[in-house]
file input_0.csv (CSV, C-alpha atoms (C1' of nucleotides))
chain,number,residue,atom,x,y,z
C,50,MET,CA,-51.4,1.2,10.6
C,51,LYS,CA,-49.7,-1.5,12.5
C,52,ASN,CA,-49.4,-3.5,9.3
C,53,GLU,CA,-47.9,-0.6,7.5
C,54,VAL,CA,-45.2,-0.3,10.1
C,55,ALA,CA,-44.5,-4.0,9.9
C,56,ASN,CA,-44.1,-3.7,6.2
C,57,LEU,CA,-41.5,-1.0,6.4
C,58,LYS,CA,-38.3,-1.8,4.6
C,59,THR,CA,-34.7,-0.9,5.0
C,60,ILE,CA,-33.0,-0.7,1.7
C,61,PHE,CA,-29.2,-0.7,1.5
C,62,ILE,CA,-27.6,0.7,-1.6
C,63,VAL,CA,-23.8,0.2,-1.9
C,64,GLY,CA,-21.2,0.5,-4.6
C,65,PRO,CA,-18.0,2.1,-5.5
C,66,THR,CA,-17.5,5.9,-5.5
C,67,ALA,CA,-19.1,7.7,-8.5
C,68,SER,CA,-21.4,4.7,-9.3
C,69,GLY,CA,-24.5,6.8,-9.1
C,70,LYS,CA,-25.7,5.5,-5.7
C,71,SER,CA,-26.9,8.8,-4.4
C,72,ALA,CA,-29.0,9.7,-7.4
C,73,LEU,CA,-30.6,6.3,-7.3
C,74,ALA,CA,-31.4,6.7,-3.6
C,75,ILE,CA,-33.1,10.1,-4.1
C,76,GLY,CA,-35.2,8.8,-7.0
C,77,LEU,CA,-36.2,5.7,-5.0
C,78,ALA,CA,-36.9,7.7,-1.8
C,79,LYS,CA,-39.4,9.9,-3.6
C,80,MET,CA,-41.2,6.8,-5.0
C,81,ILE,CA,-41.5,4.8,-1.8
C,82,ASN,CA,-41.9,7.4,0.9
C,83,ALA,CA,-38.4,7.0,2.4
C,84,GLU,CA,-35.7,9.0,4.0
C,85,ILE,CA,-32.0,8.6,3.4
C,86,ILE,CA,-29.2,7.8,5.7
C,87,CYS,CA,-25.7,8.4,4.4
C,88,ALA,CA,-23.3,5.7,5.5
C,89,ASP,CA,-20.2,7.7,4.6
C,90,SER,CA,-17.3,8.5,6.8
C,91,GLN,CA,-16.6,11.8,5.2
C,92,THR,CA,-19.9,13.4,4.4
C,93,VAL,CA,-20.5,13.5,8.1
C,94,ARG,CA,-18.1,16.4,8.2
C,95,ARG,CA,-19.3,19.9,8.0
C,96,TYR,CA,-17.8,22.3,5.4
C,97,MET,CA,-16.4,19.4,3.5
C,98,ASN,CA,-18.9,19.5,0.7
C,99,ILE,CA,-17.4,19.7,-2.8
C,100,GLY,CA,-14.5,17.3,-2.3
C,101,THR,CA,-16.7,14.6,-0.7
C,102,ALA,CA,-19.3,14.8,-3.4
C,103,LYS,CA,-21.8,15.4,-0.6
C,104,PRO,CA,-25.5,15.5,-1.6
C,105,THR,CA,-26.3,19.1,-2.4
C,106,ALA,CA,-28.7,21.4,-0.7
C,107,GLU,CA,-31.1,20.8,-3.6
C,108,ASP,CA,-30.7,17.0,-3.2
C,109,GLN,CA,-31.4,17.4,0.5
C,110,SER,CA,-34.5,19.5,-0.1
C,111,MET,CA,-36.0,16.8,-2.2
C,112,VAL,CA,-35.6,14.1,0.4
C,113,PRO,CA,-34.5,14.3,4.0
C,114,HIS,CA,-30.9,13.1,4.5
C,115,HIS,CA,-29.4,12.0,7.8
C,116,LEU,CA,-25.9,11.7,9.1
C,117,ILE,CA,-24.7,14.6,7.0
C,118,ASP,CA,-22.8,17.5,8.7
C,119,VAL,CA,-22.7,16.0,12.2
C,120,VAL,CA,-19.1,16.9,13.1
C,121,ASP,CA,-16.5,19.6,12.4
C,122,PRO,CA,-13.7,18.7,10.0
C,123,TYR,CA,-11.1,17.6,12.4
C,124,ASN,CA,-13.2,16.0,15.1
C,125,ASP,CA,-12.9,12.3,15.8
C,126,PHE,CA,-15.7,10.2,14.4
C,127,SER,CA,-15.8,6.5,14.9
C,128,LEU,CA,-17.9,3.5,13.9
C,129,ALA,CA,-19.5,3.7,17.3
C,130,ASP,CA,-20.6,7.3,16.7
C,131,PHE,CA,-22.0,6.3,13.4
C,132,LEU,CA,-23.9,3.4,14.7
C,133,ARG,CA,-25.4,5.3,17.6
C,134,LEU,CA,-26.6,8.2,15.4
C,135,ALA,CA,-27.7,6.0,12.5
C,136,GLU,CA,-29.8,3.8,14.8
C,137,GLU,CA,-31.4,6.8,16.3
C,138,SER,CA,-32.3,8.2,12.9
C,139,ILE,CA,-33.7,4.8,11.8
C,140,ARG,CA,-36.0,4.6,14.8
C,141,HIS,CA,-37.1,8.2,14.2
C,142,ILE,CA,-37.8,7.6,10.4
C,143,ARG,CA,-39.7,4.4,11.0
C,144,SER,CA,-41.7,5.9,13.8
C,145,ASN,CA,-43.0,8.3,11.2
C,146,GLY,CA,-44.1,5.4,9.1
C,147,ARG,CA,-41.5,5.9,6.4
C,148,ASN,CA,-39.0,3.5,4.8
C,149,VAL,CA,-35.3,3.8,5.3
C,150,ILE,CA,-32.7,3.9,2.6
C,151,ILE,CA,-29.1,3.5,3.7
C,152,VAL,CA,-26.7,4.6,1.0
C,153,GLY,CA,-23.0,4.8,1.3
C,154,GLY,CA,-19.6,3.8,0.2
C,155,THR,CA,-18.1,3.1,3.6
C,156,GLY,CA,-18.3,-0.7,3.7
C,157,LEU,CA,-17.7,-0.9,7.4
C,158,TYR,CA,-20.6,1.4,8.2
C,159,THR,CA,-23.1,-0.3,6.0
C,160,ASP,CA,-22.0,-3.7,7.3
C,161,ALA,CA,-22.4,-2.5,10.9
C,162,LEU,CA,-26.0,-1.6,10.1
C,163,TYR,CA,-26.8,-4.5,7.9
C,164,PHE,CA,-25.4,-7.1,10.3
C,165,ASN,CA,-26.6,-5.3,13.4
C,166,PHE,CA,-23.2,-4.9,15.0
C,167,GLU,CA,-23.1,-4.7,18.8
C,168,LEU,CA,-19.9,-3.2,19.9
C,169,PRO,CA,-18.2,-4.0,23.2
C,170,ALA,CA,-17.2,-1.4,25.7
C,171,VAL,CA,-13.8,0.0,25.2
C,172,SER,CA,-11.2,1.4,27.5
C,173,ASN,CA,-9.9,4.9,27.0
C,174,GLU,CA,-6.4,4.3,28.1
C,175,GLU,CA,-3.9,6.0,25.8
C,176,ASN,CA,-1.3,3.6,24.6
C,177,SER,CA,2.2,4.8,24.4
C,178,THR,CA,3.4,1.9,22.2
C,179,GLU,CA,1.3,3.4,19.4
C,180,LYS,CA,2.7,2.4,16.1
C,181,ASN,CA,5.4,-0.1,16.8
C,182,VAL,CA,4.1,-3.5,15.6
C,183,GLU,CA,6.6,-5.5,17.7
C,184,LEU,CA,5.8,-3.7,20.9
C,185,LEU,CA,2.1,-4.0,20.2
C,186,HIS,CA,2.5,-7.7,19.7
C,187,ALA,CA,4.3,-8.0,23.0
C,188,GLU,CA,1.6,-6.1,24.8
C,189,ILE,CA,-1.1,-8.3,23.3
C,190,PHE,CA,0.7,-11.5,24.4
C,191,ARG,CA,1.4,-10.0,27.8
C,192,ARG,CA,-2.3,-9.6,28.3
C,193,GLY,CA,-3.0,-13.1,27.0
C,194,LEU,CA,-5.0,-11.8,24.0
C,195,GLU,CA,-4.9,-13.1,20.5
C,196,LEU,CA,-3.4,-11.4,17.5
C,197,PRO,CA,-6.0,-10.2,15.0
C,198,LYS,CA,-6.0,-11.7,11.5
C,199,ASN,CA,-4.3,-8.7,10.1
C,200,SER,CA,-1.4,-8.8,12.5
C,201,GLN,CA,0.8,-6.2,10.8
C,202,ASN,CA,-1.7,-3.4,11.0
C,203,PRO,CA,-0.8,-1.1,14.0
C,204,ARG,CA,-4.3,0.4,14.2
C,205,HIS,CA,-5.9,-2.9,14.5
C,206,LEU,CA,-3.4,-4.0,17.1
C,207,VAL,CA,-4.2,-1.0,19.2
C,208,ASN,CA,-7.9,-1.7,18.9
C,209,VAL,CA,-7.4,-5.3,20.1
C,210,ILE,CA,-5.9,-3.9,23.3
C,211,LYS,CA,-8.5,-1.2,23.7
C,212,ARG,CA,-11.3,-3.8,23.4
C,213,ASN,CA,-9.4,-6.2,25.6
C,214,GLY,CA,-9.7,-8.9,22.9
C,215,GLN,CA,-13.4,-8.6,22.7
C,216,THR,CA,-15.1,-8.2,19.3
C,217,GLY,CA,-18.5,-6.8,18.5
C,218,VAL,CA,-21.1,-9.3,17.6
C,219,ALA,CA,-22.5,-9.5,14.1
C,220,LYS,CA,-26.0,-10.8,13.9
C,221,SER,CA,-28.0,-12.0,10.9
C,222,PRO,CA,-29.6,-9.3,8.8
C,223,SER,CA,-33.0,-8.1,9.7
C,224,PRO,CA,-35.8,-9.6,7.6
C,225,GLU,CA,-36.9,-6.2,6.3
C,226,SER,CA,-33.5,-5.5,4.9
C,227,ILE,CA,-32.7,-5.5,1.2
C,228,ILE,CA,-29.2,-4.9,0.0
C,229,ILE,CA,-28.3,-4.1,-3.6
C,230,GLY,CA,-25.1,-2.9,-5.2
C,231,ILE,CA,-24.6,-0.7,-8.2
C,232,ASN,CA,-21.5,-0.9,-10.3
C,233,PRO,CA,-21.5,0.4,-13.9
C,234,GLY,CA,-18.0,-1.2,-14.5
C,235,ARG,CA,-14.5,-0.1,-14.2
C,236,GLU,CA,-14.3,2.0,-17.4
C,237,LYS,CA,-17.4,4.0,-16.6
C,238,ILE,CA,-16.3,4.5,-13.0
C,239,ILE,CA,-12.9,5.9,-14.2
C,240,GLU,CA,-14.6,8.2,-16.7
C,241,ARG,CA,-17.0,9.5,-14.1
C,242,ILE,CA,-14.2,10.0,-11.5
C,243,ASN,CA,-12.2,12.0,-14.0
C,244,ARG,CA,-15.1,14.2,-14.9
C,245,ARG,CA,-16.2,14.6,-11.3
C,246,VAL,CA,-12.7,15.6,-10.0
C,247,ASP,CA,-12.4,18.2,-12.8
C,248,GLU,CA,-15.8,19.6,-11.9
C,249,MET,CA,-14.8,19.8,-8.2
C,250,PHE,CA,-11.9,22.0,-9.0
C,251,GLU,CA,-14.1,24.2,-11.3
C,252,ASN,CA,-16.6,24.5,-8.6
C,253,GLY,CA,-14.3,25.9,-6.0
C,254,PHE,CA,-12.8,22.9,-4.3
C,255,GLU,CA,-9.6,24.7,-3.5
C,256,ASP,CA,-11.4,27.7,-1.9
C,257,GLU,CA,-13.4,25.3,0.2
C,258,VAL,CA,-10.3,23.7,1.6
C,259,ARG,CA,-8.6,27.1,2.2
C,260,ALA,CA,-11.7,28.3,4.0
C,261,ILE,CA,-11.6,25.2,6.3
C,262,ILE,CA,-7.9,25.9,7.1
C,263,ASN,CA,-8.6,29.6,7.7
C,264,ARG,CA,-11.4,28.7,10.1
C,265,PHE,CA,-10.0,25.6,11.9
C,266,GLY,CA,-6.3,25.9,11.3
C,267,PRO,CA,-4.1,23.2,9.6
C,268,PRO,CA,-5.3,19.7,10.0
C,269,LYS,CA,-4.1,17.9,13.1
C,270,LYS,CA,-3.3,14.5,11.6
C,271,ASP,CA,-3.9,15.3,7.9
C,272,PHE,CA,-7.2,14.8,6.2
C,273,ASP,CA,-8.6,11.3,5.8
C,274,ALA,CA,-10.6,12.3,2.8
C,275,ILE,CA,-8.7,11.6,-0.4
C,276,GLY,CA,-9.0,14.9,-2.2
C,277,TYR,CA,-8.4,17.0,0.8
C,278,ARG,CA,-5.3,15.2,1.8
C,279,ILE,CA,-4.0,15.8,-1.7
C,280,ILE,CA,-5.0,19.4,-2.3
C,281,TYR,CA,-3.5,20.3,1.1
C,282,ARG,CA,-0.1,19.3,-0.4
C,283,TYR,CA,-0.8,21.6,-3.2
C,284,ILE,CA,-1.6,24.4,-0.8
C,285,MET,CA,1.6,23.7,1.1
C,286,GLY,CA,3.4,24.1,-2.2
C,287,GLU,CA,4.6,20.5,-2.4
C,288,ILE,CA,2.9,19.6,-5.7
C,289,SER,CA,1.5,21.5,-8.7
C,290,LEU,CA,-2.2,21.9,-9.3
C,291,GLU,CA,-2.0,19.4,-12.2
C,292,GLU,CA,-0.4,16.9,-10.0
C,293,ALA,CA,-3.0,17.4,-7.4
C,294,LYS,CA,-5.8,16.7,-9.8
C,295,GLU,CA,-4.1,13.6,-11.2
C,296,LYS,CA,-3.4,12.2,-7.7
C,297,PHE,CA,-7.0,12.8,-6.7
C,298,LYS,CA,-8.1,10.8,-9.7
C,299,ILE,CA,-5.7,8.0,-8.9
C,300,GLY,CA,-6.7,8.0,-5.3
C,301,ASP,CA,-10.4,7.7,-6.2
C,302,ARG,CA,-9.6,4.9,-8.6
C,303,GLN,CA,-7.8,3.0,-6.0
C,304,TYR,CA,-10.6,3.7,-3.5
C,305,ALA,CA,-13.2,2.3,-5.9
C,306,ARG,CA,-11.2,-0.9,-6.2
C,307,LYS,CA,-10.8,-1.2,-2.5
C,308,GLN,CA,-14.5,-0.7,-2.0
C,309,MET,CA,-15.3,-3.5,-4.4
C,310,SER,CA,-13.0,-5.8,-2.6
C,311,TRP,CA,-14.8,-5.1,0.6
C,312,TYR,CA,-18.3,-5.7,-0.9
C,313,ARG,CA,-17.2,-9.0,-2.4
C,314,ARG,CA,-17.3,-10.5,1.1
C,315,ASN,CA,-21.0,-10.0,1.4
C,316,GLY,CA,-22.8,-12.5,-0.8
C,317,ASP,CA,-26.2,-11.0,0.0
C,318,ILE,CA,-25.6,-8.0,-2.2
C,319,VAL,CA,-27.5,-8.2,-5.5
C,320,TRP,CA,-25.5,-6.3,-8.1
C,321,PHE,CA,-26.7,-4.1,-11.0
C,322,SER,CA,-24.8,-2.2,-13.6
C,323,SER,CA,-27.5,0.4,-14.2
C,324,PRO,CA,-29.7,2.4,-11.7
C,325,GLU,CA,-32.8,1.6,-13.8
C,326,GLU,CA,-32.4,-2.1,-13.3
C,327,ALA,CA,-31.7,-1.7,-9.7
C,328,LEU,CA,-34.8,0.5,-9.3
C,329,HIS,CA,-36.9,-2.0,-11.0
C,330,TYR,CA,-35.7,-4.8,-8.7
C,331,ILE,CA,-36.2,-2.8,-5.6
C,332,LEU,CA,-39.7,-1.7,-6.4
C,333,LYS,CA,-40.7,-5.3,-7.1
C,334,LYS,CA,-39.3,-6.3,-3.7
C,335,VAL,CA,-40.8,-3.4,-1.8
C,336,THR,CA,-44.3,-3.3,-3.1
W,384,G,C1',26.7,27.9,-33.5
W,385,G,C1',27.6,28.2,-27.7
W,386,U,C1',26.4,27.0,-22.5
W,387,C,C1',23.7,24.1,-19.1
W,388,G,C1',20.0,20.4,-18.1
W,389,G,C1',18.0,15.7,-19.7
W,390,G,C1',17.4,10.7,-22.7
W,391,U,C1',16.6,4.0,-17.7
W,392,A,C1',9.6,-0.3,-18.0
W,393,U,C1',3.6,2.0,-21.5
W,394,C,C1',4.0,6.7,-18.2
W,395,U,C1',6.5,9.7,-14.1
W,396,C,C1',11.1,9.1,-12.2
W,397,A,C1',15.3,6.9,-8.6
W,398,G,C1',19.9,4.7,-9.3
W,399,U,C1',25.6,7.2,-12.0
W,400,G,C1',29.6,10.6,-6.7
W,401,U,C1',32.8,5.4,-4.8
W,402,G,C1',31.9,0.3,-11.6
W,403,G,C1',30.0,-5.6,-8.8
W,404,A,C1',22.8,-9.6,-10.1
W,405,A,C1',18.4,-3.2,-13.5
W,406,G,C1',14.4,-0.3,-9.1
W,407,A,C1',10.1,2.3,-7.2
W,408,G,C1',5.3,4.5,-8.0
W,409,A,C1',1.5,4.9,-11.5
W,410,C,C1',-1.1,0.4,-14.1
W,411,U,C1',-3.5,-4.7,-13.7
W,412,A,C1',-5.3,-8.8,-10.6
W,413,C,C1',-6.2,-10.1,-5.6
W,414,G,C1',-6.5,-10.8,0.1
W,415,C,C1',-7.4,-8.8,5.1
W,416,C,C1',-10.4,-5.5,7.9
W,417,U,C1',-15.7,-4.9,14.1
W,418,G,C1',-14.4,2.2,17.8
W,419,A,C1',-9.4,6.7,12.3
W,420,A,C1',-12.3,2.7,7.3
W,421,A,C1',-12.0,8.0,1.6
W,422,A,C1',-8.1,5.1,7.2
W,423,G,C1',-4.8,1.0,7.8
W,424,C,C1',-2.3,-3.6,6.5
W,425,G,C1',-0.7,-7.5,3.1
W,426,C,C1',0.2,-10.3,-1.7
W,427,A,C1',1.0,-11.2,-6.9
W,428,G,C1',1.6,-9.8,-12.2
W,429,G,C1',3.3,-7.8,-16.7
W,430,G,C1',6.7,-5.3,-18.7
W,431,G,C1',14.2,-2.9,-20.2
W,432,U,C1',19.2,-3.4,-26.4
W,433,C,C1',19.7,1.8,-19.3
W,434,G,C1',19.6,7.1,-26.7
W,435,C,C1',23.7,5.0,-30.4
W,436,A,C1',28.7,3.6,-31.2
W,437,A,C1',33.6,2.8,-29.9
W,438,G,C1',37.1,2.6,-25.8
W,439,U,C1',39.1,1.4,-20.6
W,440,U,C1',38.1,-3.0,-17.4
W,441,C,C1',37.8,-9.6,-15.0
W,442,A,C1',33.2,-6.6,-14.8
W,443,A,C1',30.0,-0.4,-17.4
W,444,A,C1',23.2,2.4,-16.6
W,445,U,C1',27.7,4.2,-13.8
W,446,C,C1',34.2,6.0,-16.2
W,447,U,C1',36.4,8.2,-21.3
W,448,U,C1',35.6,9.9,-26.4
W,449,G,C1',32.5,10.8,-30.5
W,450,C,C1',27.7,11.1,-32.5
W,451,C,C1',22.1,11.5,-32.3
W,452,C,C1',17.6,13.4,-30.1
W,453,C,C1',14.6,16.6,-26.5
W,454,G,C1',14.3,21.1,-23.4
W,455,A,C1',15.9,25.9,-21.4
W,456,C,C1',18.9,29.9,-21.9
W,457,C,C1',22.7,32.8,-24.8
W,458,A,C1',24.2,34.4,-29.7
call {"tool": "encode", "arguments": {"input": "input_0.csv", "output": "structure tokens"}}
result
Amino acid sequence: MKNEVANLKTIFIVGPTASGKSALAIGLAKMINAEIICADSQTVRRYMNIGTAKPTAEDQSMVPHHLIDVVDPYNDFSLADFLRLAEESIRHIRSNGRNVIIVGGTGLYTDALYFNFELPAVSNEENSTEKNVELLHAEIFRRGLELPKNSQNPRHLVNVIKRNGQTGVAKSPSPESIIIGINPGREKIIERINRRVDEMFENGFEDEVRAIINRFGPPKKDFDAIGYRIIYRYIMGEISLEEAKEKFKIGDRQYARKQMSWYRRNGDIVWFSSPEEALHYILKKVT
RNA sequence: GGUCGGGUAUCUCAGUGUGGAAGAGACUACGCCUGAAAAGCGCAGGGGUCGCAAGUUCAAAUCUUGCCCCGACCA
């Protein structure tokens, strides 16, 4: 038994949106006695199902999924929240003697788990200088802190102040971790995005968003999730339905590219263009 | 036939009032990212006979005239 626990693996599956990560994860989980943790900043939100391509009830009945439906649509949800909940889930799954599969498209979240981030304490002070880059620079100098690399990004500047210049510590990956990427290629991704967006609309995406607005009111700061942000503009009468679909597709394409540029930084990721090859590789590593 | 829109990059369009170096986004290729990350920030690329012709002018996408094409409406 002790040996078994020692042999437990944590398998990371990353890749751009619509690459087929989730299906691969479910198939794999059934074969290696694993549970799935979704490292995704939007599927954590309740009631946002269709537009986030959240694993369906059927998916979830086949394999337990964690970190899905943990907050209401407009609640704050941070990297720290994700880390705390994910680490809790990982401990729980492993204590049952099962393997962990971490699947998700939010690069920051998968990095945080893969590199075992430890985040510093943070102050809650509300900053009035919010968005003005110049003022934020001045405030950072006044406190004797250093500008972050991305010095024109107001959000990052605010965070430097909140963390008082501290950064979380990234450690080396745990030995039981395996990280693979799946990317069928730009053409295929675009094809799949287009099909998926059309299906979302056919499957009641608009009604889903209207229901959220009926229940929770209009979004406080606008939705973060691509499709929701766009269909909200349609609901407000700013754009046509056709425009909304098109913009959703464009947004997803751009998102997919951005994801790839994030993953490129991690040289540990072993890439595959098909789920079958990926599965083959993982099974060889795990057993 | 008449009236009103419109014709600018591969596409969607801004610019025309008040003439003065043709422009954004989509697209393609990249970079950054440690508490919003499907967020946010940055960089580069390719592309134009500004429907056609004449006129006015030092200078026309922009003003004038004629013509062609597309759309809507009216006959």
call {"tool": "closest_residue", "arguments": {"input": "input_0.csv", "among": "C:Val218, C:Glu255, C:Ser71, C:Phe61", "to": "C:Asp317", "atoms": "all atoms listed in the file"}}
result
C:Phe61
call {"tool": "closest_atom_pairs", "arguments": {"input": "input_0.csv", "of": "chain C", "to": "chain W", "cutoff": "6 Å", "atoms": "only C-alpha atoms (C1' of nucleotides)", "output": "tab-separated table"}}
result
residue	atom	partner	partner_atom	distance
C:Ser127	CA	W:G418	C1'	5.4
C:Leu128	CA	W:G418	C1'	5.4
C:Ala129	CA	W:G418	C1'	5.3
C:Asn199	CA	W:C415	C1'	5.9
C:Gln201	CA	W:C424	C1'	5.9
C:Asn202	CA	W:C424	C1'	4.5
C:Gly217	CA	W:U417	C1'	5.6
C:Ala274	CA	W:A421	C1'	4.7
C:Ile275	CA	W:A421	C1'	5.3
call {"tool": "atom_distance", "arguments": {"input": "input_0.csv", "atom1": "atom CA of C:Gly69", "atom2": "atom CA of C:Val93"}}
result
18.9 Å
call {"tool": "atom_distance", "arguments": {"input": "input_0.csv", "atom1": "atom CA of C:Phe131", "atom2": "atom CA of C:Ile75"}}
result
21.1 Å
call {"tool": "atom_distance", "arguments": {"input": "input_0.csv", "atom1": "atom CA of C:Asp273", "atom2": "atom CA of C:Ala187"}}
result
28.9 Å
call {"tool": "residues_near_point", "arguments": {"input": "input_0.csv", "point": "(-36.9, 7.8, 2.7)", "cutoff": "12 Å", "atoms": "all atoms listed in the file", "output": "PyMOL selection string"}}
result
chain C and resi 57-61+73-87+109+111-115+138-139+141-143+145-152
call {"tool": "residues_around", "arguments": {"input": "input_0.csv", "residues": "stretch 442-451 of chain W", "least_positions_apart": "5", "cutoff": "10 Å", "atoms": "all atoms listed in the file", "output": "PDB file with C-alpha atoms (C1' of nucleotides), keeping the file's coordinate frame"}}
result
ATOM      1  C1'   U W 391      16.600   4.000 -17.700  1.00  0.00           C
ATOM      2  C1'   G W 398      19.900   4.700  -9.300  1.00  0.00           C
ATOM      3  C1'   U W 399      25.600   7.200 -12.000  1.00  0.00           C
ATOM      4  C1'   G W 400      29.600  10.600  -6.700  1.00  0.00           C
ATOM      5  C1'   G W 402      31.900   0.300 -11.600  1.00  0.00           C
ATOM      6  C1'   G W 403      30.000  -5.600  -8.800  1.00  0.00           C
ATOM      7  C1'   A W 405      18.400  -3.200 -13.500  1.00  0.00           C
ATOM      8  C1'   C W 433      19.700   1.800 -19.300  1.00  0.00           C
ATOM      9  C1'   G W 434      19.600   7.100 -26.700  1.00  0.00           C
ATOM     10  C1'   C W 435      23.700   5.000 -30.400  1.00  0.00           C
ATOM     11  C1'   A W 436      28.700   3.600 -31.200  1.00  0.00           C
ATOM     12  C1'   A W 437      33.600   2.800 -29.900  1.00  0.00           C
TER      13        A W 437
END
call {"tool": "residues_around", "arguments": {"input": "input_0.csv", "residues": "C:Tyr312", "least_positions_apart": "5", "cutoff": "9 Å", "atoms": "only C-alpha atoms (C1' of nucleotides)", "output": "ChimeraX atom specification"}}
result
/C:63-64,156,230,307,318
call {"tool": "residues_around", "arguments": {"input": "input_0.csv", "residues": "C:Gly100", "least_positions_apart": "4", "cutoff": "9 Å", "atoms": "only C-alpha atoms (C1' of nucleotides)", "output": "list of chain:residue names"}}
result
C:Val246, C:Met249, C:Phe250, C:Phe254, C:Glu255, C:Glu257, C:Val258, C:Ala274, C:Ile275, C:Gly276, C:Tyr277
call {"tool": "closest_residue", "arguments": {"input": "input_0.csv", "among": "C:Ile242, C:Ile299, C:Leu184, C:Ala260", "to": "C:Ile279", "atoms": "only C-alpha atoms"}}
result
C:Ile299
call {"tool": "residues_around", "arguments": {"input": "input_0.csv", "residues": "W:U393", "least_positions_apart": "4", "cutoff": "12 Å", "atoms": "only C-alpha atoms (C1' of nucleotides)", "output": "CSV table (one decimal) with C-alpha atoms (C1' of nucleotides), keeping the file's coordinate frame"}}
result
chain,number,residue,atom,x,y,z
W,409,A,C1',1.5,4.9,-11.5
W,410,C,C1',-1.1,0.4,-14.1
W,429,G,C1',3.3,-7.8,-16.7
W,430,G,C1',6.7,-5.3,-18.7
W,431,G,C1',14.2,-2.9,-20.2
